[in-house]
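Pasted below: coords-v7.cif, mmCIF, C-alpha atoms.
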data_run
#
loop_
_atom_site.label_atom_id
_atom_site.label_comp_id
_atom_site.auth_asym_id
_atom_site.auth_seq_id
_atom_site.Cartn_x
_atom_site.Cartn_y
_atom_site.Cartn_z
CA MET N 446 0.00 0.00 0.00
CA ILE N 447 2.80 2.41 0.87
CA GLU N 448 4.41 3.72 -2.28
CA GLU N 449 8.17 3.73 -2.65
CA LYS N 450 8.41 7.48 -3.12
CA LYS N 451 9.84 9.53 -0.27
CA ILE N 452 7.12 10.93 1.97
CA SER N 453 7.81 14.50 3.06
CA MET N 454 8.38 15.28 6.74
CA ALA N 455 5.50 17.77 6.59
CA VAL N 456 3.10 14.94 5.74
CA ILE N 457 4.60 12.63 8.36
CA ARG N 458 4.24 15.31 11.02
CA ARG N 459 0.50 15.51 10.29
CA LEU N 460 -0.05 11.74 10.61
CA PRO N 461 -0.31 11.66 14.42
CA ARG N 462 -3.02 14.33 14.14
CA TYR N 463 -5.00 12.23 11.66
CA PHE N 464 -4.49 9.31 13.98
CA ARG N 465 -5.88 11.24 16.98
CA TYR N 466 -8.85 12.69 15.12
CA LEU N 467 -9.77 9.38 13.57
CA SER N 468 -9.60 7.63 16.94
CA ASP N 469 -11.96 10.33 18.30
CA LEU N 470 -14.34 9.62 15.40
CA ILE N 471 -14.25 5.91 16.17
CA LYS N 472 -15.12 6.64 19.81
CA LEU N 473 -18.08 8.67 18.53
CA ASP N 474 -19.08 5.68 16.38
CA ILE N 475 -18.73 7.69 13.16
CA LYS N 476 -18.21 5.29 10.24
CA ARG N 477 -17.58 7.58 7.32
CA ILE N 478 -16.31 11.11 6.86
CA SER N 479 -15.86 13.40 3.87
CA SER N 480 -12.56 15.19 3.35
CA LYS N 481 -14.56 18.42 3.86
CA GLU N 482 -15.75 17.38 7.32
CA LEU N 483 -12.33 16.04 8.29
CA SER N 484 -10.90 19.33 7.04
CA GLU N 485 -13.20 21.37 9.28
CA ARG N 486 -12.36 19.27 12.33
CA MET N 487 -8.64 19.34 11.71
CA GLN N 488 -8.32 22.87 10.31
CA ILE N 489 -6.39 21.58 7.30
CA THR N 490 -7.72 22.30 3.79
CA ALA N 491 -9.63 19.45 2.14
CA SER N 492 -7.20 19.46 -0.77
CA GLN N 493 -4.28 19.12 1.64
CA ILE N 494 -5.97 16.13 3.25
CA ARG N 495 -6.56 14.47 -0.14
CA GLN N 496 -2.95 15.17 -1.09
CA ASP N 497 -1.62 13.80 2.23
CA LEU N 498 -3.61 10.61 2.06
CA ASN N 499 -2.71 10.12 -1.59
CA CYS N 500 0.93 9.79 -0.48
CA PHE N 501 -0.13 6.55 1.14
CA GLY N 502 -2.25 5.27 -1.69
CA GLY N 503 -5.53 7.10 -1.28
CA PHE N 504 -8.08 5.35 0.95
CA GLY N 505 -10.97 7.50 -0.28
CA GLN N 506 -13.54 7.29 -3.02
CA GLN N 507 -14.64 10.42 -4.86
CA GLY N 508 -17.94 11.68 -3.48
CA TYR N 509 -18.12 8.90 -0.95
CA GLY N 510 -15.71 10.01 1.73
CA TYR N 511 -13.34 8.00 3.87
CA ASN N 512 -14.08 4.84 5.78
CA VAL N 513 -13.04 5.98 9.27
CA GLU N 514 -11.98 2.63 10.67
CA TYR N 515 -10.09 1.58 7.55
CA LEU N 516 -8.27 4.92 7.38
CA TYR N 517 -7.48 4.71 11.11
CA GLU N 518 -6.03 1.23 10.71
CA GLU N 519 -3.95 2.15 7.67
CA ILE N 520 -2.54 5.24 9.38
CA SER N 521 -1.85 3.15 12.49
CA LYS N 522 0.13 0.73 10.34
CA ILE N 523 2.09 3.55 8.70
CA LEU N 524 2.83 5.06 12.12
CA GLY N 525 3.70 1.61 13.42
CA THR N 526 1.48 1.86 16.49
CA ASP N 527 1.61 -1.95 16.77
CA LYS N 528 5.39 -1.71 17.29
CA ARG N 529 6.88 -1.10 20.71
CA PHE N 530 9.82 1.16 21.49
CA SER N 531 11.94 1.09 24.62
CA CYS N 532 12.87 4.47 26.06
CA ILE N 533 14.99 5.84 28.88
CA ILE N 534 14.81 9.33 30.35
CA LEU N 535 17.97 11.26 31.21
CA GLY N 536 17.20 13.82 33.90
CA ALA N 537 14.73 13.29 36.75
CA GLY N 538 13.85 16.98 37.08
CA ASN N 539 10.38 18.44 36.54
CA MET N 540 10.24 17.68 32.83
CA GLY N 541 11.59 14.16 33.34
CA ASN N 542 8.97 13.64 36.04
CA ALA N 543 6.19 15.02 33.89
CA LEU N 544 7.13 12.75 30.98
CA ALA N 545 7.49 9.67 33.20
CA ASN N 546 3.93 10.32 34.37
CA TYR N 547 2.48 10.84 30.89
CA GLU N 548 0.21 7.81 30.44
CA ASN N 549 -0.31 8.31 26.71
CA PHE N 550 3.18 7.19 25.73
CA LYS N 551 2.68 3.59 26.82
CA LYS N 552 -0.66 3.51 25.02
CA ARG N 553 1.11 4.61 21.83
CA GLY N 554 3.76 1.87 22.15
CA TYR N 555 6.51 3.72 24.00
CA ASP N 556 7.70 2.05 27.22
CA ILE N 557 9.91 3.96 29.63
CA LEU N 558 12.31 1.44 31.15
CA ALA N 559 14.41 3.61 33.42
CA ILE N 560 15.33 7.14 34.42
CA PHE N 561 18.88 8.39 35.03
CA ASP N 562 20.04 11.30 37.13
CA VAL N 563 23.18 12.50 38.89
CA SER N 564 21.42 13.71 42.03
CA GLU N 565 21.89 11.43 45.07
CA ASP N 566 18.47 12.29 46.50
CA LYS N 567 16.71 11.13 43.33
CA ILE N 568 18.67 7.91 42.70
CA GLY N 569 16.89 4.79 43.97
CA LYS N 570 13.46 6.45 44.03
CA LYS N 571 10.67 5.55 41.65
CA ILE N 572 8.64 7.86 39.43
CA ASN N 573 5.33 6.37 38.30
CA GLY N 574 6.83 2.96 39.10
CA ILE N 575 9.98 3.59 37.03
CA GLU N 576 13.29 3.40 38.88
CA VAL N 577 15.75 6.30 38.91
CA TYR N 578 19.35 5.08 38.48
CA SER N 579 22.65 6.88 38.81
CA THR N 580 23.95 8.15 35.46
CA ASP N 581 27.04 6.02 36.23
CA LYS N 582 24.88 2.96 35.52
CA LEU N 583 23.79 4.15 32.07
CA ALA N 584 26.33 2.19 29.96
CA GLU N 585 25.66 -1.00 31.89
CA PHE N 586 21.90 -0.58 31.56
CA VAL N 587 22.05 0.02 27.81
CA ALA N 588 24.37 -2.98 27.38
CA ASN N 589 21.81 -5.22 29.12
CA ASN N 590 18.59 -3.74 27.71
CA LYS N 591 17.53 -2.87 24.20
CA VAL N 592 16.99 0.89 24.25
CA ASP N 593 15.59 2.60 21.15
CA ILE N 594 15.08 6.14 22.37
CA ALA N 595 16.79 8.41 24.89
CA ILE N 596 14.59 11.22 26.17
CA LEU N 597 16.88 14.09 27.14
CA THR N 598 15.63 16.44 29.84
CA VAL N 599 19.06 17.32 31.23
CA PRO N 600 20.12 20.94 31.85
CA ASN N 601 20.93 22.72 28.59
CA LYS N 602 24.65 22.92 29.33
CA LYS N 603 24.80 19.11 29.67
CA ILE N 604 23.05 18.34 26.38
CA ILE N 605 26.10 17.74 24.15
CA GLU N 606 27.65 15.46 26.74
CA ALA N 607 24.40 13.51 27.21
CA ALA N 608 23.75 13.19 23.46
CA THR N 609 27.33 12.07 22.82
CA GLU N 610 27.12 9.45 25.55
CA VAL N 611 23.80 7.91 24.52
CA THR N 612 24.73 7.77 20.84
CA SER N 613 28.14 6.22 21.65
CA LEU N 614 26.19 3.51 23.49
CA GLY N 615 24.34 2.75 20.26
CA ILE N 616 21.01 4.49 20.92
CA LYS N 617 19.63 5.68 17.59
CA GLY N 618 16.69 7.86 18.64
CA ILE N 619 16.88 11.10 20.63
CA TRP N 620 13.90 13.05 21.93
CA ASN N 621 15.43 16.34 23.00
CA PHE N 622 13.67 18.67 25.45
CA THR N 623 16.52 21.13 25.93
CA PRO N 624 16.36 24.42 24.00
CA SER N 625 19.43 23.40 21.94
CA ASP N 626 18.78 22.08 18.45
CA LEU N 627 20.66 18.82 18.18
CA SER N 628 21.81 17.49 14.84
CA LEU N 629 23.79 14.28 15.22
CA GLY N 630 24.54 13.02 11.74
CA GLU N 631 23.08 10.43 9.42
CA GLY N 632 22.57 7.42 11.65
CA ILE N 633 20.79 9.18 14.51
CA VAL N 634 17.18 10.36 14.49
CA VAL N 635 16.54 13.45 16.59
CA GLU N 636 13.25 15.12 17.44
CA ASN N 637 13.84 18.48 19.07
CA VAL N 638 10.86 19.69 21.09
CA HIS N 639 10.63 23.47 21.10
CA LEU N 640 7.84 24.43 23.44
CA SER N 641 8.42 28.14 22.81
CA ASP N 642 7.56 27.61 19.12
CA SER N 643 4.03 26.63 20.08
CA LEU N 644 3.78 29.55 22.52
CA MET N 645 4.95 31.98 19.82
CA VAL N 646 2.28 30.67 17.44
CA LEU N 647 -0.29 31.23 20.17
CA GLY N 648 0.98 34.79 20.63
CA TYR N 649 0.85 35.43 16.87
CA ARG N 650 -2.72 34.17 16.63
CA LEU N 651 -3.79 36.22 19.67
CA ARG N 652 -2.36 39.42 18.20
CA GLU N 653 -3.96 38.64 14.85
CA LYS N 654 -7.37 38.18 16.55
CA GLY N 655 -6.95 41.39 18.51
CA GLU N 656 -6.19 43.57 15.51
CA MET U 976 5.19 44.77 4.29
CA ILE U 977 2.69 42.15 5.41
CA GLU U 978 0.21 41.44 2.67
CA GLU U 979 -3.47 41.40 3.38
CA LYS U 980 -4.02 37.85 2.22
CA LYS U 981 -4.62 35.18 4.84
CA ILE U 982 -1.42 33.44 5.83
CA SER U 983 -1.88 29.70 6.28
CA MET U 984 -1.34 28.13 9.69
CA ALA U 985 1.26 25.82 8.16
CA VAL U 986 3.40 28.83 7.27
CA ILE U 987 2.83 30.48 10.65
CA ARG U 988 3.88 27.30 12.43
CA ARG U 989 7.21 27.38 10.60
CA LEU U 990 7.97 31.01 11.53
CA PRO U 991 9.37 30.27 15.02
CA ARG U 992 11.76 27.80 13.37
CA TYR U 993 12.98 30.44 10.92
CA PHE U 994 13.31 32.79 13.88
CA ARG U 995 15.47 30.29 15.83
CA TYR U 996 17.66 29.35 12.89
CA LEU U 997 18.22 32.95 11.90
CA SER U 998 19.14 33.91 15.45
CA ASP U 999 21.68 31.04 15.42
CA LEU U 1000 23.13 32.43 12.17
CA ILE U 1001 23.41 35.88 13.72
CA LYS U 1002 25.30 34.40 16.68
CA LEU U 1003 27.66 32.77 14.16
CA ASP U 1004 28.09 36.19 12.50
CA ILE U 1005 26.71 34.92 9.17
CA LYS U 1006 25.45 37.89 7.14
CA ARG U 1007 23.88 36.29 4.11
CA ILE U 1008 22.38 32.90 3.31
CA SER U 1009 20.99 31.30 0.16
CA SER U 1010 17.63 29.57 0.29
CA LYS U 1011 19.56 26.38 -0.54
CA GLU U 1012 21.77 26.67 2.55
CA LEU U 1013 18.85 27.67 4.75
CA SER U 1014 16.98 24.70 3.29
CA GLU U 1015 19.76 22.27 4.26
CA ARG U 1016 19.95 23.62 7.80
CA MET U 1017 16.20 23.61 8.32
CA GLN U 1018 15.34 20.47 6.36
CA ILE U 1019 12.67 22.32 4.42
CA THR U 1020 12.85 22.42 0.62
CA ALA U 1021 14.30 25.60 -0.88
CA SER U 1022 11.11 26.16 -2.86
CA GLN U 1023 9.05 25.88 0.35
CA ILE U 1024 11.27 28.51 1.97
CA ARG U 1025 10.87 30.87 -0.99
CA GLN U 1026 7.13 30.28 -0.95
CA ASP U 1027 6.89 30.85 2.84
CA LEU U 1028 8.85 34.08 2.77
CA ASN U 1029 6.92 35.32 -0.26
CA CYS U 1030 3.81 35.28 1.95
CA PHE U 1031 5.40 38.15 3.83
CA GLY U 1032 6.65 40.08 0.85
CA GLY U 1033 9.82 38.26 -0.14
CA PHE U 1034 12.98 39.58 1.56
CA GLY U 1035 15.30 37.83 -0.92
CA GLN U 1036 16.93 38.69 -4.22
CA GLN U 1037 17.31 36.07 -6.92
CA GLY U 1038 20.83 34.62 -6.92
CA TYR U 1039 21.88 36.81 -4.03
CA GLY U 1040 20.32 35.07 -1.04
CA TYR U 1041 18.79 36.51 2.08
CA ASN U 1042 20.20 39.21 4.35
CA VAL U 1043 20.18 37.29 7.64
CA GLU U 1044 19.74 40.22 9.98
CA TYR U 1045 17.04 41.89 7.90
CA LEU U 1046 15.13 38.62 7.56
CA TYR U 1047 15.48 37.98 11.30
CA GLU U 1048 14.12 41.42 12.12
CA GLU U 1049 11.20 41.13 9.73
CA ILE U 1050 10.23 37.70 11.07
CA SER U 1051 10.59 39.04 14.62
CA LYS U 1052 8.14 41.82 13.72
CA ILE U 1053 5.69 39.35 12.20
CA LEU U 1054 5.94 37.11 15.25
CA GLY U 1055 5.63 40.16 17.48
CA THR U 1056 8.65 39.31 19.62
CA ASP U 1057 8.74 42.94 20.76
CA LYS U 1058 5.28 42.51 22.31
CA ARG U 1059 4.84 41.11 25.81
CA PHE U 1060 2.18 38.66 26.90
CA SER U 1061 1.08 37.97 30.47
CA CYS U 1062 0.50 34.34 31.35
CA ILE U 1063 -0.72 32.32 34.29
CA ILE U 1064 -0.24 28.59 34.85
CA LEU U 1065 -3.06 26.42 36.17
CA GLY U 1066 -1.62 23.37 37.88
CA ALA U 1067 1.61 23.35 39.92
CA GLY U 1068 2.43 19.70 39.15
CA ASN U 1069 5.51 18.51 37.30
CA MET U 1070 4.58 20.06 33.97
CA GLY U 1071 3.57 23.35 35.63
CA ASN U 1072 6.88 23.37 37.46
CA ALA U 1073 8.85 22.57 34.32
CA LEU U 1074 7.15 25.39 32.41
CA ALA U 1075 7.57 27.90 35.24
CA ASN U 1076 11.30 27.12 35.13
CA TYR U 1077 11.62 27.43 31.35
CA GLU U 1078 13.76 30.54 30.91
CA ASN U 1079 13.15 30.88 27.18
CA PHE U 1080 9.57 32.07 27.56
CA LYS U 1081 10.50 35.36 29.20
CA LYS U 1082 13.16 35.95 26.53
CA ARG U 1083 10.47 35.50 23.87
CA GLY U 1084 8.14 38.01 25.56
CA TYR U 1085 5.98 35.72 27.70
CA ASP U 1086 5.86 36.61 31.41
CA ILE U 1087 4.40 34.14 33.89
CA LEU U 1088 2.66 36.19 36.57
CA ALA U 1089 1.24 33.51 38.84
CA ILE U 1090 0.54 29.82 39.27
CA PHE U 1091 -2.71 28.36 40.62
CA ASP U 1092 -3.27 25.03 42.30
CA VAL U 1093 -5.80 23.37 44.61
CA SER U 1094 -3.22 21.57 46.74
CA GLU U 1095 -2.68 23.11 50.20
CA ASP U 1096 0.98 22.07 50.32
CA LYS U 1097 1.76 23.96 47.09
CA ILE U 1098 -0.21 27.16 47.79
CA GLY U 1099 1.97 29.98 49.11
CA LYS U 1100 5.20 28.47 47.80
CA LYS U 1101 7.19 29.97 44.95
CA ILE U 1102 8.39 28.27 41.78
CA ASN U 1103 11.27 30.05 40.06
CA GLY U 1104 10.20 33.15 41.99
CA ILE U 1105 6.55 32.90 40.88
CA GLU U 1106 3.93 32.57 43.62
CA VAL U 1107 1.50 29.65 43.75
CA TYR U 1108 -2.01 30.82 44.69
CA SER U 1109 -5.12 28.88 45.59
CA THR U 1110 -7.40 28.34 42.59
CA ASP U 1111 -10.04 30.16 44.69
CA LYS U 1112 -8.10 33.37 44.04
CA LEU U 1113 -8.12 32.98 40.25
CA ALA U 1114 -11.11 35.27 39.49
CA GLU U 1115 -9.78 38.00 41.79
CA PHE U 1116 -6.31 37.76 40.26
CA VAL U 1117 -7.60 38.00 36.69
CA ALA U 1118 -9.82 40.95 37.63
CA ASN U 1119 -6.78 42.83 38.95
CA ASN U 1120 -4.19 41.80 36.36
CA LYS U 1121 -4.26 41.76 32.59
CA VAL U 1122 -3.85 38.09 31.67
CA ASP U 1123 -3.49 37.15 28.00
CA ILE U 1124 -2.76 33.45 28.22
CA ALA U 1125 -3.73 30.63 30.58
CA ILE U 1126 -1.34 27.68 30.49
CA LEU U 1127 -3.34 24.60 31.45
CA THR U 1128 -1.42 21.75 33.08
CA VAL U 1129 -4.31 20.48 35.20
CA PRO U 1130 -5.26 16.78 35.31
CA ASN U 1131 -7.04 15.72 32.12
CA LYS U 1132 -10.40 15.24 33.89
CA LYS U 1133 -10.31 18.88 35.05
CA ILE U 1134 -9.59 20.40 31.66
CA ILE U 1135 -13.13 21.36 30.63
CA GLU U 1136 -13.78 22.98 34.01
CA ALA U 1137 -10.47 24.88 33.89
CA ALA U 1138 -10.96 26.03 30.28
CA THR U 1139 -14.52 27.14 31.02
CA GLU U 1140 -13.42 29.12 34.04
CA VAL U 1141 -10.51 30.97 32.43
CA THR U 1142 -12.47 31.86 29.31
CA SER U 1143 -15.43 33.08 31.41
CA LEU U 1144 -12.94 35.40 33.14
CA GLY U 1145 -12.09 36.90 29.74
CA ILE U 1146 -8.78 35.17 29.00
CA LYS U 1147 -8.49 34.78 25.23
CA GLY U 1148 -5.46 32.51 24.86
CA ILE U 1149 -5.16 28.92 26.06
CA TRP U 1150 -2.01 26.84 25.96
CA ASN U 1151 -3.26 23.35 26.69
CA PHE U 1152 -0.92 20.61 27.93
CA THR U 1153 -3.58 18.02 28.69
CA PRO U 1154 -4.11 15.23 26.13
CA SER U 1155 -7.64 16.56 25.37
CA ASP U 1156 -8.00 18.62 22.21
CA LEU U 1157 -9.78 21.80 23.22
CA SER U 1158 -11.82 23.78 20.75
CA LEU U 1159 -13.48 26.77 22.40
CA GLY U 1160 -15.17 28.74 19.65
CA GLU U 1161 -14.38 31.81 17.64
CA GLY U 1162 -13.12 34.29 20.21
CA ILE U 1163 -10.64 32.00 21.96
CA VAL U 1164 -7.25 30.97 20.59
CA VAL U 1165 -6.12 27.52 21.70
CA GLU U 1166 -2.80 25.82 21.13
CA ASN U 1167 -2.99 22.16 22.09
CA VAL U 1168 0.42 20.64 22.82
CA HIS U 1169 0.51 16.95 21.94
CA LEU U 1170 3.84 15.60 23.06
CA SER U 1171 2.97 12.10 21.84
CA ASP U 1172 2.72 13.44 18.27
CA SER U 1173 6.39 14.32 18.32
CA LEU U 1174 7.27 10.96 19.88
CA MET U 1175 5.28 9.14 17.19
CA VAL U 1176 7.15 11.01 14.46
CA LEU U 1177 10.41 9.97 16.11
CA GLY U 1178 9.24 6.33 16.14
CA TYR U 1179 8.21 6.55 12.48
CA ARG U 1180 11.58 7.96 11.46
CA LEU U 1181 13.44 5.33 13.52
CA ARG U 1182 11.55 2.47 11.88
CA GLU U 1183 12.08 4.02 8.45
CA LYS U 1184 15.85 4.22 9.11
CA GLY U 1185 15.97 0.65 10.36
CA GLU U 1186 14.26 -0.84 7.35
#
Would you mind writing the structure in this file as structure tokens?
Amino acid sequence: MIEEKKISMAVIRRLPRYFRYLSDLIKLDIKRISSKELSERMQITASQIRQDLNCFGGFGQQGYGYNVEYLYEEISKILGTDKRFSCIILGAGNMGNALANYENFKKRGYDILAIFDVSEDKIGKKINGIEVYSTDKLAEFVANNKVDIAILTVPNKKIIEAATEVTSLGIKGIWNFTPSDLSLGEGIVVENVHLSDSLMVLGYRLREKGE
Amino acid sequence: MIEEKKISMAVIRRLPRYFRYLSDLIKLDIKRISSKELSERMQITASQIRQDLNCFGGFGQQGYGYNVEYLYEEISKILGTDKRFSCIILGAGNMGNALANYENFKKRGYDILAIFDVSEDKIGKKINGIEVYSTDKLAEFVANNKVDIAILTVPNKKIIEAATEVTSLGIKGIWNFTPSDLSLGEGIVVENVHLSDSLMVLGYRLREKGE
């Protein structure tokens, strides 16, 4: 079903949104939706939606709309929601705590195996049932457990050190919560989370409304 | 400089990224950049960049590239980084704490005035110098202080109640960190932060690399 052509990152970034909206529709027992309705719900133009879904082979019939469950299942497959990923968190501060407590990740296939920190008063405690280890134990832990993703919530000045260490241990995926944009070369996949970007978009839209 | 035509949300969402990349270039003392170079750094196609910047009147000269500082200043103006917004945080849990400690927001023009929580052991304390008040004091606080944005980090089951309260008090901007997608009608601007979306994109890219 998936064509060989390269799918653009812009399309890929919209897939989790389709996934969420479609799962909402399923909960509401909605069987079928037109690209126009989906467009209104998602605030994406209908032509954009048609174009996006065409990257994956279509799924729709002209004038007939999309079969919600079928589309949901196909997008799930593309996103690999049946696959599981093992994650560790570096940094047991507030963000590390917040992420360890985020129940949605497990539902989406992302298991947090362990948390690492340098602070003596955090080591040995548990956050949402997940043990906090000393950063000294990181190499040993990664040697004994398959770890796909390192979630970095360390202080900004420690980010290069942390990223270098986890990638040298063979971890290929980095979810970076520090303000620094990481770019770690071909073999490593990095998602940089920039919370201020979303806040700046909110500010832009507020000013636009006010004018 | 800004044209009257409606700028699409997709373009607006990319502006903070341009803003960050350009400010990095300024720090590196780079004066001029081609759309090709900017494209490689930002992993957006050069034609997309040209198209995006054309929405705001261009800024570039064919074959000559972009003047980094000029482009940075124009995008700053569009994003309104010279404007200040007053924010409050509802919920002094881990995410509320993490956000209250995020230094970048103030730099970008977003001041956090106060935090509200229902928990007796949090009320009266300070987080990063910002006082935590009882939620009972919310209406009084908003009556006495101009508040542009409410940052909602309350438990998911409290989100409707919290959103209803802050909007009834006249707050027009909502930054929502709960997993629920809020949609609050015409007058209210909502940015829903879905951290799992970013994690799912990371998982997709990891699988794609591995195959």
Residues near Gly1148 (chain U), anyone? I mean within 6 Å using only C-alpha atoms, not counting same-chain ones fewer than 2 positions away, as a count of residues only. 6
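Comparing the minimum interatomic distances between chain U and each of N:Phe586, N:Phe550, N:Phe561, N:Tyr517, counting only C-alpha atoms, we find that N:Phe550 sits nearest.
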Can you tell me which residues surround Phe1060 (chain U) at a distance of at most 8 Å, considering only C-alpha atoms, apart from same-chain residues fewer than 4 positions away, and format the answer as a PyMOL selection string? (chain N and resi 648) or (chain U and resi 1084-1086+1122-1124)
Grab the CA of Glu482 (chain N) to CA of Asp469 (chain N) distance for me, in Å with one decimal place. 13.6 Å
Using all atoms listed in the file, find the residues of chain U whose closest atom to chain N is at most 6 Å away, then write them as number ranges by chain. U: 991, 1054, 1069-1070, 1073, 1172, 1179
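Picture a line from CA of Glu1140 (chain U) to CA of Ser468 (chain N); it runs 27.7 Å.
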Within 7 Å of Leu597 (chain N) using all atoms listed in the file, minus same-chain residues under 6 positions, as a tab-separated table (two decimals) with C-alpha atoms, in the coordinates of the input:
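The file below, selection01.tsv, is the result:
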chain	number	residue	atom	x	y	z
N	534	ILE	CA	14.81	9.33	30.35
N	535	LEU	CA	17.97	11.26	31.21
N	536	GLY	CA	17.20	13.82	33.90
N	620	TRP	CA	13.90	13.05	21.93
N	621	ASN	CA	15.43	16.34	23.00
N	622	PHE	CA	13.67	18.67	25.45
Neighbours of Leu558 (chain N) within 9 Å (all atoms listed in the file; same-chain residues fewer than 3 positions away dropped), as number ranges by chain? N: 531-534, 575-576, 590, 592
